[in-house]
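File shown here: run_35.json, holding JSON, C-alpha atoms and all ligand atoms.
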[["chain", "number", "residue", "atom", "x", "y", "z"],
["A", 23, "MET", "CA", 4.27, -12.35, -4.22],
["A", 24, "ILE", "CA", 0.76, -10.86, -3.83],
["A", 25, "ALA", "CA", -0.07, -13.46, -1.14],
["A", 26, "VAL", "CA", 3.10, -12.51, 0.82],
["A", 27, "LEU", "CA", 2.24, -8.83, 0.52],
["A", 28, "LEU", "CA", -1.32, -9.46, 1.73],
["A", 29, "SER", "CA", -0.04, -11.52, 4.70],
["A", 30, "VAL", "CA", 2.18, -8.61, 5.69],
["A", 31, "ILE", "CA", -0.78, -6.24, 5.38],
["A", 32, "LEU", "CA", -2.97, -8.55, 7.50],
["A", 33, "LYS", "CA", -0.27, -8.81, 10.16],
["A", 34, "PHE", "CA", 0.11, -5.07, 10.17],
["A", 35, "MET", "CA", -3.67, -4.72, 10.58],
["A", 36, "ASN", "CA", -3.80, -7.20, 13.48],
["A", 37, "CYS", "CA", -6.28, -9.40, 11.55],
["A", 38, "GLU", "CA", -3.91, -12.37, 11.77],
["A", 39, "GLU", "CA", -4.24, -12.54, 15.55],
["A", 40, "ILE", "CA", -8.04, -12.48, 15.31],
["A", 41, "MET", "CA", -8.00, -15.15, 12.61],
["A", 42, "ALA", "CA", -5.73, -17.33, 14.78],
["A", 43, "SER", "CA", -8.52, -17.75, 17.38],
["A", 44, "ASP", "CA", -10.38, -21.10, 17.47],
["A", 45, "ARG", "CA", -13.73, -19.44, 16.75],
["A", 46, "GLY", "CA", -14.48, -18.05, 13.37],
["A", 47, "VAL", "CA", -14.71, -14.33, 12.73],
["A", 48, "LEU", "CA", -17.45, -12.61, 10.74],
["A", 49, "TYR", "CA", -15.98, -9.88, 8.54],
["A", 50, "GLY", "CA", -18.44, -7.41, 7.02],
["A", 51, "LEU", "CA", -16.62, -6.02, 3.99],
["A", 52, "GLY", "CA", -17.66, -3.03, 1.92],
["A", 53, "VAL", "CA", -16.26, -3.78, -1.55],
["A", 54, "GLY", "CA", -16.72, -0.33, -3.05],
["A", 55, "PRO", "CA", -19.07, 0.87, -5.80],
["A", 56, "GLY", "CA", -17.94, -1.18, -8.79],
["A", 57, "ASP", "CA", -14.35, -0.71, -9.91],
["A", 58, "PRO", "CA", -12.42, -3.64, -8.30],
["A", 59, "ASP", "CA", -9.50, -1.24, -7.75],
["A", 60, "LEU", "CA", -11.71, 0.64, -5.27],
["A", 61, "ILE", "CA", -11.71, -2.26, -2.80],
["A", 62, "THR", "CA", -9.57, -1.42, 0.21],
["A", 63, "LEU", "CA", -6.32, -3.32, 0.81],
["A", 64, "LYS", "CA", -7.82, -4.47, 4.09],
["A", 65, "ALA", "CA", -10.93, -6.01, 2.48],
["A", 66, "ALA", "CA", -8.83, -7.62, -0.30],
["A", 67, "GLY", "CA", -6.43, -9.09, 2.28],
["A", 68, "ILE", "CA", -9.29, -10.57, 4.33],
["A", 69, "LEU", "CA", -10.93, -12.05, 1.21],
["A", 70, "HIS", "CA", -7.74, -14.01, 0.54],
["A", 71, "HIS", "CA", -7.88, -15.63, 3.98],
["A", 72, "VAL", "CA", -11.53, -16.38, 4.84],
["A", 73, "ASP", "CA", -13.06, -19.85, 4.49],
["A", 74, "VAL", "CA", -16.42, -18.80, 3.02],
["A", 75, "VAL", "CA", -17.71, -15.67, 1.28],
["A", 76, "TYR", "CA", -21.37, -14.69, 1.62],
["A", 77, "ALA", "CA", -23.34, -12.01, -0.20],
["A", 78, "ALA", "CA", -26.98, -11.01, -0.39],
["A", 79, "GLY", "CA", -28.89, -12.29, -3.38],
["A", 80, "SER", "CA", -32.41, -11.63, -4.55],
["A", 81, "THR", "CA", -34.89, -14.47, -4.73],
["A", 82, "GLY", "CA", -35.12, -13.92, -8.50],
["A", 83, "ASN", "CA", -31.62, -14.84, -9.76],
["A", 84, "ASP", "CA", -28.11, -16.07, -8.91],
["A", 85, "TYR", "CA", -26.29, -12.82, -9.64],
["A", 86, "SER", "CA", -24.61, -10.60, -7.06],
["A", 87, "LEU", "CA", -22.90, -7.38, -8.12],
["A", 88, "ALA", "CA", -20.84, -7.43, -4.91],
["A", 89, "VAL", "CA", -19.51, -10.90, -5.84],
["A", 90, "SER", "CA", -18.63, -9.85, -9.38],
["A", 91, "ILE", "CA", -16.74, -6.80, -8.01],
["A", 92, "ALA", "CA", -14.85, -8.83, -5.41],
["A", 93, "LYS", "CA", -14.17, -11.80, -7.73],
["A", 94, "PRO", "CA", -10.52, -10.88, -8.54],
["A", 95, "HIS", "CA", -9.78, -10.98, -4.79],
["A", 96, "ILE", "CA", -11.53, -14.28, -3.94],
["A", 97, "PRO", "CA", -9.37, -17.42, -4.31],
["A", 98, "GLU", "CA", -10.89, -19.90, -6.77],
["A", 99, "ASP", "CA", -11.42, -22.62, -4.16],
["A", 100, "THR", "CA", -13.22, -20.37, -1.65],
["A", 101, "PRO", "CA", -16.95, -21.18, -1.58],
["A", 102, "VAL", "CA", -19.20, -18.22, -2.39],
["A", 103, "ARG", "CA", -22.79, -18.44, -1.11],
["A", 104, "LEU", "CA", -25.72, -16.15, -1.78],
["A", 105, "LEU", "CA", -28.17, -15.47, 1.04],
["A", 106, "ARG", "CA", -31.67, -14.87, -0.27],
["A", 107, "PHE", "CA", -33.43, -11.91, 1.25],
["A", 108, "PRO", "CA", -37.12, -11.60, 0.37],
["A", 109, "MET", "CA", -38.03, -8.41, -1.52],
["A", 110, "THR", "CA", -40.85, -7.50, 0.85],
["A", 111, "SER", "CA", -41.77, -4.61, 3.11],
["A", 112, "ASP", "CA", -43.12, -7.08, 5.69],
["A", 113, "LYS", "CA", -40.80, -6.48, 8.66],
["A", 114, "GLY", "CA", -41.64, -9.84, 10.28],
["A", 115, "GLU", "CA", -40.74, -11.76, 7.14],
["A", 116, "LYS", "CA", -37.48, -9.81, 6.76],
["A", 117, "LYS", "CA", -36.56, -10.43, 10.39],
["A", 118, "LYS", "CA", -37.15, -14.17, 9.96],
["A", 119, "ALA", "CA", -34.78, -14.22, 6.94],
["A", 120, "TRP", "CA", -32.04, -12.31, 8.82],
["A", 121, "GLU", "CA", -32.36, -14.69, 11.77],
["A", 122, "ARG", "CA", -32.21, -17.77, 9.54],
["A", 123, "HIS", "CA", -29.10, -16.47, 7.74],
["A", 124, "ALA", "CA", -27.48, -15.25, 10.96],
["A", 125, "ARG", "CA", -27.94, -18.72, 12.52],
["A", 126, "ALA", "CA", -26.30, -20.38, 9.47],
["A", 127, "ILE", "CA", -23.32, -18.01, 9.76],
["A", 128, "ILE", "CA", -23.09, -18.46, 13.53],
["A", 129, "SER", "CA", -23.02, -22.24, 13.08],
["A", 130, "GLU", "CA", -20.04, -21.92, 10.69],
["A", 131, "MET", "CA", -18.26, -19.55, 13.08],
["A", 132, "GLU", "CA", -18.77, -21.97, 15.99],
["A", 133, "GLN", "CA", -16.95, -24.57, 13.87],
["A", 134, "GLY", "CA", -13.99, -22.19, 13.53],
["A", 135, "ARG", "CA", -14.66, -20.94, 10.00],
["A", 136, "HIS", "CA", -13.88, -17.36, 9.07],
["A", 137, "ILE", "CA", -16.64, -15.73, 7.10],
["A", 138, "ALA", "CA", -16.73, -12.65, 4.89],
["A", 139, "PHE", "CA", -20.06, -11.03, 4.13],
["A", 140, "ILE", "CA", -19.48, -8.69, 1.21],
["A", 141, "THR", "CA", -21.65, -5.71, 0.41],
["A", 142, "LEU", "CA", -21.60, -3.00, -2.22],
["A", 143, "GLY", "CA", -20.03, 0.36, -1.39],
["A", 144, "ASP", "CA", -19.66, 0.87, 2.34],
["A", 145, "SER", "CA", -20.67, -1.83, 4.83],
["A", 146, "MET", "CA", -22.43, 0.63, 7.14],
["A", 147, "THR", "CA", -24.37, 2.68, 4.58],
["A", 148, "TYR", "CA", -27.85, 1.42, 3.67],
["A", 149, "SER", "CA", -26.53, -2.11, 3.73],
["A", 150, "THR", "CA", -28.12, -5.52, 4.33],
["A", 151, "TYR", "CA", -24.96, -6.28, 6.25],
["A", 152, "GLY", "CA", -26.04, -3.87, 9.01],
["A", 153, "TYR", "CA", -29.14, -5.96, 9.79],
["A", 154, "LEU", "CA", -27.27, -9.23, 9.55],
["A", 155, "MET", "CA", -24.45, -7.97, 11.79],
["A", 156, "LYS", "CA", -26.91, -6.77, 14.47],
["A", 157, "THR", "CA", -28.73, -10.13, 14.39],
["A", 158, "VAL", "CA", -25.45, -12.08, 14.73],
["A", 159, "LEU", "CA", -24.36, -9.86, 17.63],
["A", 160, "ASP", "CA", -27.78, -10.28, 19.33],
["A", 161, "LEU", "CA", -27.87, -14.06, 18.93],
["A", 162, "ALA", "CA", -24.16, -14.72, 19.63],
["A", 163, "PRO", "CA", -22.58, -11.77, 21.45],
["A", 164, "HIS", "CA", -19.51, -13.91, 22.29],
["A", 165, "LEU", "CA", -18.49, -14.25, 18.62],
["A", 166, "PRO", "CA", -16.08, -11.75, 17.03],
["A", 167, "VAL", "CA", -17.44, -9.45, 14.33],
["A", 168, "VAL", "CA", -15.17, -7.07, 12.40],
["A", 169, "SER", "CA", -16.75, -4.51, 10.06],
["A", 170, "VAL", "CA", -14.57, -2.99, 7.35],
["A", 171, "PRO", "CA", -15.66, 0.22, 5.60],
["A", 172, "GLY", "CA", -15.71, 0.65, 1.85],
["A", 173, "VAL", "CA", -15.74, 3.51, -0.64],
["A", 174, "THR", "CA", -19.39, 4.60, -0.98],
["A", 175, "SER", "CA", -21.14, 4.99, -4.32],
["A", 176, "TYR", "CA", -21.55, 8.72, -3.82],
["A", 177, "GLN", "CA", -17.89, 9.27, -2.92],
["A", 178, "ALA", "CA", -16.94, 7.53, -6.16],
["A", 179, "ALA", "CA", -19.52, 9.56, -8.10],
["A", 180, "ALA", "CA", -18.29, 12.87, -6.69],
["A", 181, "ALA", "CA", -14.68, 11.93, -7.43],
["A", 182, "GLY", "CA", -15.57, 10.79, -10.96],
["A", 183, "LEU", "CA", -17.24, 14.14, -11.63],
["A", 184, "ASN", "CA", -14.47, 16.19, -9.96],
["A", 185, "ARG", "CA", -17.25, 17.67, -7.83],
["A", 186, "PRO", "CA", -16.53, 18.20, -4.10],
["A", 187, "LEU", "CA", -19.21, 16.80, -1.79],
["A", 188, "VAL", "CA", -18.73, 19.42, 0.93],
["A", 189, "GLU", "CA", -16.41, 22.35, 1.45],
["A", 190, "GLY", "CA", -15.54, 24.77, 4.23],
["A", 191, "GLU", "CA", -18.41, 25.07, 6.72],
["A", 192, "GLU", "CA", -20.98, 23.35, 4.50],
["A", 193, "SER", "CA", -23.03, 20.28, 5.48],
["A", 194, "LEU", "CA", -23.98, 17.14, 3.59],
["A", 195, "LEU", "CA", -27.35, 15.40, 3.86],
["A", 196, "LEU", "CA", -27.68, 11.76, 2.79],
["A", 197, "VAL", "CA", -31.26, 10.70, 2.04],
["A", 198, "SER", "CA", -33.03, 7.68, 0.62],
["A", 199, "GLY", "CA", -35.06, 8.41, -2.47],
["A", 200, "ALA", "CA", -36.93, 5.10, -2.25],
["A", 201, "ARG", "CA", -40.08, 6.95, -1.22],
["A", 202, "GLY", "CA", -39.45, 9.93, -3.47],
["A", 203, "GLY", "CA", -38.69, 13.49, -2.34],
["A", 204, "HIS", "CA", -40.45, 13.32, 1.03],
["A", 205, "ARG", "CA", -37.37, 13.39, 3.30],
["A", 206, "PHE", "CA", -35.64, 15.95, 1.10],
["A", 207, "ARG", "CA", -38.66, 18.30, 1.45],
["A", 208, "GLN", "CA", -38.45, 17.93, 5.24],
["A", 209, "CYS", "CA", -34.69, 18.37, 5.62],
["A", 210, "CYS", "CA", -33.21, 20.18, 2.61],
["A", 211, "ALA", "CA", -33.09, 23.55, 4.33],
["A", 212, "CYS", "CA", -30.53, 22.14, 6.79],
["A", 213, "ALA", "CA", -27.74, 21.32, 4.32],
["A", 214, "GLU", "CA", -26.05, 22.94, 1.35],
["A", 215, "ASN", "CA", -25.30, 19.60, -0.30],
["A", 216, "ILE", "CA", -27.60, 16.61, -0.63],
["A", 217, "VAL", "CA", -27.11, 13.05, -1.86],
["A", 218, "PHE", "CA", -30.02, 10.80, -2.82],
["A", 219, "LEU", "CA", -29.36, 7.08, -2.90],
["A", 220, "LYS", "CA", -32.07, 4.71, -4.20],
["A", 221, "ALA", "CA", -33.07, 7.38, -6.73],
["A", 222, "TYR", "CA", -34.84, 5.15, -9.23],
["A", 223, "LYS", "CA", -38.49, 4.10, -9.04],
["A", 224, "ASN", "CA", -39.68, 7.36, -7.46],
["A", 225, "ILE", "CA", -37.44, 9.66, -9.49],
["A", 226, "ALA", "CA", -40.48, 11.68, -10.70],
["A", 227, "ASP", "CA", -41.31, 12.77, -7.15],
["A", 228, "ILE", "CA", -37.62, 13.40, -6.39],
["A", 229, "ASN", "CA", -37.56, 15.70, -9.42],
["A", 230, "ASP", "CA", -40.69, 17.52, -8.22],
["A", 231, "ALA", "CA", -39.08, 18.05, -4.80],
["A", 232, "LEU", "CA", -35.85, 19.30, -6.41],
["A", 233, "ALA", "CA", -37.85, 21.71, -8.60],
["A", 234, "GLU", "CA", -39.77, 23.03, -5.55],
["A", 235, "ALA", "CA", -36.42, 23.80, -3.85],
["A", 236, "ASP", "CA", -35.00, 25.30, -7.09],
["A", 237, "CYS", "CA", -32.32, 22.60, -7.14],
["A", 238, "LEU", "CA", -32.98, 20.90, -10.48],
["A", 239, "GLU", "CA", -30.30, 22.92, -12.26],
["A", 240, "THR", "CA", -27.65, 21.97, -9.71],
["A", 241, "SER", "CA", -28.56, 18.26, -9.68],
["A", 242, "ILE", "CA", -26.81, 15.47, -11.48],
["A", 243, "ALA", "CA", -27.60, 11.74, -11.61],
["A", 244, "ILE", "CA", -25.04, 8.96, -11.97],
["A", 245, "SER", "CA", -26.02, 5.40, -12.82],
["A", 246, "ASN", "CA", -23.68, 2.38, -12.69],
["A", 247, "CYS", "CA", -20.95, 4.55, -11.21],
["A", 248, "SER", "CA", -17.47, 3.09, -11.86],
["A", 249, "LEU", "CA", -19.08, 0.13, -13.63],
["A", 250, "PRO", "CA", -19.26, -0.66, -17.33],
["A", 251, "GLY", "CA", -22.16, 1.38, -18.74],
["A", 252, "GLU", "CA", -21.76, 4.29, -16.32],
["A", 253, "THR", "CA", -24.05, 7.17, -17.33],
["A", 254, "VAL", "CA", -24.19, 10.77, -16.17],
["A", 255, "THR", "CA", -27.53, 12.59, -16.55],
["A", 256, "ARG", "CA", -27.58, 16.35, -16.22],
["A", 257, "ASP", "CA", -31.26, 16.83, -17.12],
["A", 258, "LEU", "CA", -32.94, 14.73, -14.44],
["A", 259, "ARG", "CA", -36.37, 15.08, -16.06],
["A", 260, "THR", "CA", -35.20, 12.65, -18.77],
["A", 261, "LEU", "CA", -34.95, 9.96, -16.08],
["A", 262, "ASP", "CA", -38.75, 10.10, -15.57],
["A", 263, "ARG", "CA", -39.14, 8.61, -19.02],
["A", 264, "ALA", "CA", -36.10, 6.31, -19.05],
["A", 265, "ARG", "CA", -36.00, 2.68, -17.89],
["A", 266, "LYS", "CA", -35.50, 2.78, -14.11],
["A", 267, "ASN", "CA", -32.01, 1.76, -13.01],
["A", 268, "TYR", "CA", -31.66, 0.71, -9.36],
["A", 269, "TRP", "CA", -27.96, 1.72, -9.41],
["A", 270, "THR", "CA", -28.72, 5.42, -9.63],
["A", 271, "LEU", "CA", -27.86, 8.22, -7.23],
["A", 272, "VAL", "CA", -28.34, 11.97, -7.37],
["A", 273, "LEU", "CA", -25.93, 14.66, -6.17],
["A", 274, "THR", "CA", -27.47, 18.07, -5.64],
["A", 275, "ARG", "CA", -26.66, 21.35, -3.94],
["A", 276, "GLN", "CA", -28.47, 24.50, -2.95],
["A", 277, "LYS", "CA", -27.80, 27.37, -5.33],
["A", 278, "ALA", "CA", -25.14, 29.73, -4.05],
["A", 279, "GLU", "CA", -26.35, 33.14, -2.84],
["A", 280, "ASN", "CA", -24.93, 34.66, -6.01],
["A", 281, "GLY", "CA", -27.20, 32.33, -8.02],
["A", 282, "GLN", "CA", -24.30, 30.09, -9.08],
["A", 283, "THR", "CA", -25.62, 26.92, -10.72],
["A", 284, "GLU", "CA", -22.39, 25.07, -11.48],
["A", 285, "LYS", "CA", -23.03, 21.29, -11.67],
["B", 1, "LIG", "C1", -28.89, -0.25, -0.63],
["B", 1, "LIG", "S1", -28.04, 1.17, -1.19],
["B", 1, "LIG", "C2", -26.38, 0.68, -0.94],
["B", 1, "LIG", "C3", -25.42, 1.83, -0.74],
["B", 1, "LIG", "C4", -23.99, 1.37, -0.61],
["B", 1, "LIG", "N1", -23.80, 0.60, 0.60],
["B", 1, "LIG", "C5", -22.99, 2.53, -0.65],
["B", 1, "LIG", "O1", -22.19, 2.65, 0.28],
["B", 1, "LIG", "O2", -23.00, 3.29, -1.61],
["B", 1, "LIG", "C6", -28.25, 1.02, -2.90],
["B", 1, "LIG", "C7", -28.20, 2.36, -3.59],
["B", 1, "LIG", "O3", -26.86, 2.83, -3.61],
["B", 1, "LIG", "C8", -26.60, 3.54, -4.81],
["B", 1, "LIG", "N2", -25.52, 2.87, -5.53],
["B", 1, "LIG", "C9", -24.76, 1.87, -5.08],
["B", 1, "LIG", "N3", -23.80, 1.56, -5.97],
["B", 1, "LIG", "C10", -23.96, 2.40, -7.02],
["B", 1, "LIG", "C11", -23.27, 2.61, -8.25],
["B", 1, "LIG", "N4", -22.22, 1.86, -8.58],
["B", 1, "LIG", "N5", -23.71, 3.59, -9.07],
["B", 1, "LIG", "C12", -24.75, 4.36, -8.74],
["B", 1, "LIG", "N6", -25.45, 4.21, -7.58],
["B", 1, "LIG", "C13", -25.06, 3.25, -6.74],
["B", 1, "LIG", "C14", -27.92, 3.54, -5.61],
["B", 1, "LIG", "O4", -28.59, 4.72, -5.28],
["B", 1, "LIG", "C15", -28.63, 2.32, -5.04],
["B", 1, "LIG", "O5", -30.04, 2.43, -5.21]]
Would you mind writing the file's structure down as C-alpha cells?
Amino acid sequence: MIAVLLSVILKFMNCEEIMASDRGVLYGLGVGPGDPDLITLKAAGILHHVDVVYAAGSTGNDYSLAVSIAKPHIPEDTPVRLLRFPMTSDKGEKKKAWERHARAIISEMEQGRHIAFITLGDSMTYSTYGYLMKTVLDLAPHLPVVSVPGVTSYQAAAAGLNRPLVEGEESLLLVSGARGGHRFRQCCACAENIVFLKAYKNIADINDALAEADCLETSIAISNCSLPGETVTRDLRTLDRARKNYWTLVLTRQKAENGQTEK
C-alpha cells in the first residue's frame, strides 16, 4: 500500500521519468533534523527507488546520523555506503576526498544506477553534499543531479519552541559558530534575528559576542533537536562548562526597542 502511494507520489513529482533514463541519477536528499517524520514525502519516495544510498561518515567510526534518521525509508536490500571525509582543514586533502568519492558515484551512475546521497537537515545548508554535488557536476556535467531540500535544524528548533524565526519586516542572519562569535560581531547589526549553527567547541566566544551585543538574555540553545535526548538551554553560560555537543544551535534576537527579552 505504502509502495503504491510512493509510486503515485513519484509519478506526480516527475521523478519516474528521470529514473527511467538509462543513466543513473544522483539525488541529494536532505533528511531533516532527526525525527524521521520530518523527512519530506519526496525524499522518502526517492529512497524507496534508488539502487544505492550514500552518506558522509567520519574516519573514526561507522555511524551516520543521517542513515539512522532515514533508515525507516530505506528498503532492507538497498546497499548503504559511508563515504569517509577527512576531518582536516587542509583544503587540498578535502578536495582530493571529494574527487575520489565523486568519481566512485559517477562510475555507478554511468552504469545506470540511481544514487541517493543523504544529508542531515537541508541538502543546501552547510552540507557536505554541496561540495560533492559541485564536484560531480564539474567532472560529469552530462549526468543528471536532482537536489531535494529538507527541513533545517533551526526550522525544527524554532517550531519546537513555538518561537517564530522572523516576522513582519524583520531579517534573519544565519552564521557558523565554528570559529566563535567573529561573524556575528561583524554582521549582527544587520538583522533582528540570528541563528548560529555549529555552536559547540567555540561556545565561550559565541557567548562573549552575544553578551557584547546584549543578546544573551534573548538567546536559547537547542541540542539534539527532534532527537532522543533533546535539550534546551536558556542560560548559555552553562554550555561553557558542559561537554561540547556538535549537534547544538543557538537562536537569538536583538532586544526589542521596548527592552522586551522574551525567549
Ligand atoms: C554541518 S551543519 C549541517 C546543517 C544542516 N544541513 C541543516 O540544514 O540544519 C551541522 C550543524 O547543524 C546543527 N544541527 C544539525 N542538526 C541538528 C539537531 N538535530 N539539533 C541541533 N543542531 C543541529 C548544529 O549546529 C551542527 O553543528
With 10 Å as the threshold, what does the neighbourhood of (-37.6, 14.7, 0.6) contain in terms of residues, counting only C-alpha atoms? Coordinates are those of the file; answer as a short mmCIF file (atom, residue, chain, number, x, y, z; two decimals) with C-alpha atoms, in the frame of the given file.
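Dumped everything to point.cif:
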data_model
loop_
_atom_site.label_atom_id
_atom_site.label_comp_id
_atom_site.auth_asym_id
_atom_site.auth_seq_id
_atom_site.Cartn_x
_atom_site.Cartn_y
_atom_site.Cartn_z
CA VAL A 197 -31.26 10.70 2.04
CA SER A 198 -33.03 7.68 0.62
CA GLY A 199 -35.06 8.41 -2.47
CA ARG A 201 -40.08 6.95 -1.22
CA GLY A 202 -39.45 9.93 -3.47
CA GLY A 203 -38.69 13.49 -2.34
CA HIS A 204 -40.45 13.32 1.03
CA ARG A 205 -37.37 13.39 3.30
CA PHE A 206 -35.64 15.95 1.10
CA ARG A 207 -38.66 18.30 1.45
CA GLN A 208 -38.45 17.93 5.24
CA CYS A 209 -34.69 18.37 5.62
CA CYS A 210 -33.21 20.18 2.61
CA PHE A 218 -30.02 10.80 -2.82
CA ASP A 227 -41.31 12.77 -7.15
CA ILE A 228 -37.62 13.40 -6.39
CA ASP A 230 -40.69 17.52 -8.22
CA ALA A 231 -39.08 18.05 -4.80
CA LEU A 232 -35.85 19.30 -6.41
#
How close does each residue of chain A get to ligand LIG 1 (chain B), giving the shortest atom pair and distance in Å to one decimal for every residue with an atom at most 7 Å away, counting only C-alpha atoms and all ligand atoms, sorted by chain and residue number, as CSV?
residue,atom,partner,partner_atom,distance
A:Pro55,CA,B:LIG1,N4,4.3
A:Gly56,CA,B:LIG1,N4,5.3
A:Thr141,CA,B:LIG1,N1,6.7
A:Leu142,CA,B:LIG1,N1,5.1
A:Gly143,CA,B:LIG1,O1,3.6
A:Asp144,CA,B:LIG1,O1,3.7
A:Ser145,CA,B:LIG1,N1,5.8
A:Met146,CA,B:LIG1,N1,6.7
A:Thr147,CA,B:LIG1,N1,4.5
A:Tyr148,CA,B:LIG1,C1,4.7
A:Ser149,CA,B:LIG1,N1,5.0
A:Gly172,CA,B:LIG1,O1,7.0
A:Val173,CA,B:LIG1,O1,6.6
A:Thr174,CA,B:LIG1,O1,3.6
A:Ser175,CA,B:LIG1,O2,3.7
A:Tyr176,CA,B:LIG1,O2,6.0
A:Phe218,CA,B:LIG1,O4,6.7
A:Leu219,CA,B:LIG1,O4,3.4
A:Lys220,CA,B:LIG1,O5,3.2
A:Ala221,CA,B:LIG1,O4,5.4
A:Tyr222,CA,B:LIG1,O5,6.8
A:Ile244,CA,B:LIG1,C12,5.6
A:Ser245,CA,B:LIG1,C12,4.4
A:Asn246,CA,B:LIG1,N5,3.8
A:Cys247,CA,B:LIG1,N5,3.6
A:Ser248,CA,B:LIG1,N4,5.9
A:Leu249,CA,B:LIG1,N4,6.2
A:Tyr268,CA,B:LIG1,O5,4.8
A:Trp269,CA,B:LIG1,N6,4.0
A:Thr270,CA,B:LIG1,N6,4.0
A:Leu271,CA,B:LIG1,O4,4.1
Mind writing the picked residues with C-alpha atoms as a PDB file, in the frame of the given file?
ATOM      1  CA  PRO A  55     -19.070   0.870  -5.800  1.00  0.00           C
ATOM      2  CA  GLY A  56     -17.940  -1.180  -8.790  1.00  0.00           C
ATOM      3  CA  THR A 141     -21.650  -5.710   0.410  1.00  0.00           C
ATOM      4  CA  LEU A 142     -21.600  -3.000  -2.220  1.00  0.00           C
ATOM      5  CA  GLY A 143     -20.030   0.360  -1.390  1.00  0.00           C
ATOM      6  CA  ASP A 144     -19.660   0.870   2.340  1.00  0.00           C
ATOM      7  CA  SER A 145     -20.670  -1.830   4.830  1.00  0.00           C
ATOM      8  CA  MET A 146     -22.430   0.630   7.140  1.00  0.00           C
ATOM      9  CA  THR A 147     -24.370   2.680   4.580  1.00  0.00           C
ATOM     10  CA  TYR A 148     -27.850   1.420   3.670  1.00  0.00           C
ATOM     11  CA  SER A 149     -26.530  -2.110   3.730  1.00  0.00           C
ATOM     12  CA  GLY A 172     -15.710   0.650   1.850  1.00  0.00           C
ATOM     13  CA  VAL A 173     -15.740   3.510  -0.640  1.00  0.00           C
ATOM     14  CA  THR A 174     -19.390   4.600  -0.980  1.00  0.00           C
ATOM     15  CA  SER A 175     -21.140   4.990  -4.320  1.00  0.00           C
ATOM     16  CA  TYR A 176     -21.550   8.720  -3.820  1.00  0.00           C
ATOM     17  CA  PHE A 218     -30.020  10.800  -2.820  1.00  0.00           C
ATOM     18  CA  LEU A 219     -29.360   7.080  -2.900  1.00  0.00           C
ATOM     19  CA  LYS A 220     -32.070   4.710  -4.200  1.00  0.00           C
ATOM     20  CA  ALA A 221     -33.070   7.380  -6.730  1.00  0.00           C
ATOM     21  CA  TYR A 222     -34.840   5.150  -9.230  1.00  0.00           C
ATOM     22  CA  ILE A 244     -25.040   8.960 -11.970  1.00  0.00           C
ATOM     23  CA  SER A 245     -26.020   5.400 -12.820  1.00  0.00           C
ATOM     24  CA  ASN A 246     -23.680   2.380 -12.690  1.00  0.00           C
ATOM     25  CA  CYS A 247     -20.950   4.550 -11.210  1.00  0.00           C
ATOM     26  CA  SER A 248     -17.470   3.090 -11.860  1.00  0.00           C
ATOM     27  CA  LEU A 249     -19.080   0.130 -13.630  1.00  0.00           C
ATOM     28  CA  TYR A 268     -31.660   0.710  -9.360  1.00  0.00           C
ATOM     29  CA  TRP A 269     -27.960   1.720  -9.410  1.00  0.00           C
ATOM     30  CA  THR A 270     -28.720   5.420  -9.630  1.00  0.00           C
ATOM     31  CA  LEU A 271     -27.860   8.220  -7.230  1.00  0.00           C
TER      32      LEU A 271
END
Enumerate, as a ChimeraX atom specification, the protein, DNA and RNA residues whose atoms approach (-17.7, -7.7, -5.8) to within 8 Å, taking into account all atoms listed in the file and the coordinate frame of the file. /A:53-54,56,58,86-93,140-142
In terms of the shortest atom-to-atom distance over all atoms listed in the file, which of A:Ala124, A:Leu194, A:Ala179, A:Leu48 is closest to A:Ala138?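 Of A:Ala124, A:Leu194, A:Ala179, A:Leu48, the one nearest A:Ala138 is A:Leu48, counting all atoms listed in the file.
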Computed interatomic separation between atom CA of A:His136 and atom CA of A:His71 (Å):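 Distance reported for this atom pair: 8.1 Å.
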Two-atom distance - atom CA of A:Leu154, atom CA of A:Pro94 (Å):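 One can read the atom CA of A:Leu154 to atom CA of A:Pro94 distance as 24.7 Å.
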Find the distance between atom CA of A:Lys117 and atom CA of A:Val102 and write it in Å to one decimal.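 Going from atom CA of A:Lys117 over to atom CA of A:Val102, I get 22.9 Å.
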